[in-house]
Amino acid sequence: MAKTQDFTAMMKDMMGAFPVDTKAMDEAFKTSATLNEKLSAVALEAAEKSTEISAKWTKETLAKLSDMSKVKKEPADYAKAMTDFASAQAEVAAENMAAFAEIAKKVQMDTVELMMAAGKDFTEDASAAVKKATDEMTAAAKKTTAAAAK
């Protein structure tokens with residue numbers, strides 16, 4: 001009489017041979033958390049610089065408004081004060097827009113650099129995890145095949 005294979009035992013052995021390795025998940029989480037930290041730092045630095053520019057711009061505008069609002073001797077002096085204010089504001093606006101553009105450019109460059117580095121890290125982590133899983137699957141398959149042959 002032929003020996004009947006115990007498929008339940010074989011399935012238990014096979015499932016037991018595929019242990020769940022959380023190290024790869026831990027590494028992926030750490031890589032992701034590190035990327036988030038760096039991206040947050042880029043965003044916060046940009047926000048800080050933008051705030052500094054805005055505060056300086058506001059302070060300069062208020063100082064020029066103060067000069068413009070002072071009493072003038074001649075009515076024509078009011079028109080000149082308005083023209084001077086408008087001219088100065090246009091110049092300051094151009095300078096500040098250029099400064100904001102520099103911040104945006106730096107954020108873009110830093111972000112691209114971080115994303116490229118992160119892509120490399122994620123690829124390395126994924127390759128290591130796939131290689132380990134392949135090795136474990138091969139070993140488990142060999143073990144299961146050997147057990148089935150008995």
# chains A, B, ... in the order shown; residues from 1 in each chain; ligands from 1

call {"tool": "residues_around", "arguments": {"residues": "range 88-96 of chain A", "least_positions_apart": "5", "cutoff": "10 Å", "atoms": "only C-alpha atoms", "output": "ChimeraX atom specification"}}
result
/A:50,53-54,56-57,60-61,64,82-83,101-102

call {"tool": "closest_residue", "arguments": {"among": "A:Leu62, A:Met11, A:Val107, A:Ala146", "to": "Ser40 in chain A", "atoms": "only C-alpha atoms"}}
result
A:Val107

call {"tool": "residues_around", "arguments": {"residues": "Thr51 in chain A", "least_positions_apart": "6", "cutoff": "12 Å", "atoms": "only C-alpha atoms", "output": "list in words"}}
result
Leu44, Glu45, Trp57, Thr58, Asn96, Ala99, Phe100 and Ile103 of chain A

call {"tool": "write_last_selection", "arguments": {"atoms": "N, CA, C and O atoms", "output": "mmCIF file, in the first residue's frame"}}
result
data_model
loop_
_atom_site.group_PDB
_atom_site.id
_atom_site.type_symbol
_atom_site.label_atom_id
_atom_site.label_comp_id
_atom_site.auth_asym_id
_atom_site.auth_seq_id
_atom_site.Cartn_x
_atom_site.Cartn_y
_atom_site.Cartn_z
ATOM 1 N N LEU A 44 10.873 74.301 5.745
ATOM 2 C CA LEU A 44 10.939 75.243 6.869
ATOM 3 C C LEU A 44 11.967 76.341 6.633
ATOM 4 O O LEU A 44 11.728 77.509 6.973
ATOM 5 N N GLU A 45 13.094 75.979 6.040
ATOM 6 C CA GLU A 45 14.111 76.989 5.728
ATOM 7 C C GLU A 45 13.559 77.997 4.718
ATOM 8 O O GLU A 45 13.757 79.202 4.864
ATOM 9 N N TRP A 57 10.375 93.786 3.714
ATOM 10 C CA TRP A 57 9.625 94.525 2.697
ATOM 11 C C TRP A 57 8.542 95.381 3.366
ATOM 12 O O TRP A 57 8.374 96.558 3.046
ATOM 13 N N THR A 58 7.834 94.797 4.299
ATOM 14 C CA THR A 58 6.784 95.522 5.015
ATOM 15 C C THR A 58 7.368 96.696 5.797
ATOM 16 O O THR A 58 6.818 97.807 5.774
ATOM 17 N N ASN A 96 12.561 92.157 -4.254
ATOM 18 C CA ASN A 96 11.991 91.119 -3.392
ATOM 19 C C ASN A 96 11.468 89.934 -4.198
ATOM 20 O O ASN A 96 11.598 88.781 -3.756
ATOM 21 N N ALA A 99 14.379 87.878 -4.915
ATOM 22 C CA ALA A 99 14.788 87.128 -3.722
ATOM 23 C C ALA A 99 13.871 85.920 -3.498
ATOM 24 O O ALA A 99 14.346 84.817 -3.175
ATOM 25 N N PHE A 100 12.553 86.107 -3.690
ATOM 26 C CA PHE A 100 11.616 84.986 -3.563
ATOM 27 C C PHE A 100 11.909 83.920 -4.626
ATOM 28 O O PHE A 100 11.837 82.719 -4.363
ATOM 29 N N ILE A 103 14.780 81.789 -3.551
ATOM 30 C CA ILE A 103 14.354 80.807 -2.539
ATOM 31 C C ILE A 103 13.665 79.629 -3.225
ATOM 32 O O ILE A 103 13.958 78.468 -2.936
#

call {"tool": "closest_residue", "arguments": {"among": "A:Met68, A:Leu114, A:Ala46, A:Ala9", "to": "Ser32 in chain A", "atoms": "only C-alpha atoms"}}
result
A:Leu114
